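Below: the structure, in C-alpha cells.
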Amino acid sequence: MHCKITQILRLYSHGIGIKCISRMLELSRNTVRRYVRQYQEMGKSMDELLKLGEEHLRELFSYGEEKIK
C-alpha cells in the first residue's frame, strides 16, 4: 500500500480537488491542504516526488510534525 502522501500527490496531479481527496482518503481537508501546499512550495516536479521512496517522502513532508501513514 502506498503511503497517504503518495496518494495525495497522485490524486492532486490528476486534478482531484482537496475536498474530494480528503473524503477519499479519510483525512481532514487541512491535512490534505498542508501536504499540497508543501508540495507547491518545494518547487519539485510531481514526477520527481513520486519516484522517491515512501520513507524519503515522509522525511520531506514531515517538518517536525506528526507523520501520516
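Following the order of the C-alpha cells, first chain is A, next is B, and so on, with residues numbered from 1 inside each chain and ligands from 1 in the order they appear.
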
Give me the residues near segment 34-48 of chain A as number ranges by chain, where near means some atom within 12 Å (using only C-alpha atoms) and where sequence neighbours in that chain fewer than 6 positions away do not count. A: 4-19, 21-22, 27-28, 56-58, 60-63, 65, 67-68

Same residues, C-alpha atoms, output as an mmCIF file, in the first residue's frame:
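Here's the written file part07.cif:
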```cif
data_model
loop_
_atom_site.group_PDB
_atom_site.id
_atom_site.type_symbol
_atom_site.label_atom_id
_atom_site.label_comp_id
_atom_site.auth_asym_id
_atom_site.auth_seq_id
_atom_site.Cartn_x
_atom_site.Cartn_y
_atom_site.Cartn_z
ATOM 1 C CA LYS A 4 -1.015 8.651 2.146
ATOM 2 C CA ILE A 5 1.389 11.342 0.903
ATOM 3 C CA THR A 6 1.877 9.465 -2.358
ATOM 4 C CA GLN A 7 -1.864 9.024 -2.708
ATOM 5 C CA ILE A 8 -2.475 12.725 -2.072
ATOM 6 C CA LEU A 9 0.131 13.717 -4.663
ATOM 7 C CA ARG A 10 -1.182 11.314 -7.295
ATOM 8 C CA LEU A 11 -4.783 12.414 -6.851
ATOM 9 C CA TYR A 12 -3.838 16.088 -6.845
ATOM 10 C CA SER A 13 -1.769 15.636 -10.013
ATOM 11 C CA HIS A 14 -4.863 14.177 -11.703
ATOM 12 C CA GLY A 15 -6.846 17.340 -10.947
ATOM 13 C CA ILE A 16 -8.812 15.995 -7.977
ATOM 14 C CA GLY A 17 -9.715 18.740 -5.508
ATOM 15 C CA ILE A 18 -8.657 18.941 -1.880
ATOM 16 C CA LYS A 19 -12.166 18.330 -0.548
ATOM 17 C CA ILE A 21 -9.122 13.870 -1.761
ATOM 18 C CA SER A 22 -9.980 14.451 1.882
ATOM 19 C CA LEU A 27 -8.176 12.746 6.061
ATOM 20 C CA SER A 28 -9.052 16.246 7.170
ATOM 21 C CA HIS A 56 12.061 9.771 1.841
ATOM 22 C CA LEU A 57 8.675 11.360 1.115
ATOM 23 C CA ARG A 58 7.731 11.195 4.772
ATOM 24 C CA LEU A 60 10.445 15.666 3.116
ATOM 25 C CA PHE A 61 6.895 16.347 4.233
ATOM 26 C CA SER A 62 7.242 15.909 7.987
ATOM 27 C CA TYR A 63 8.896 19.214 9.010
ATOM 28 C CA GLU A 65 5.112 17.468 12.587
ATOM 29 C CA LYS A 67 3.752 11.946 10.079
ATOM 30 C CA ILE A 68 0.803 10.256 8.428
#
```

Quick one: pick out all alpha helix (DSSP H) residues within chain A from a backbone DSSP run and write them as number ranges by chain. A: 4-13, 18-25, 29-42, 46-51, 54-62
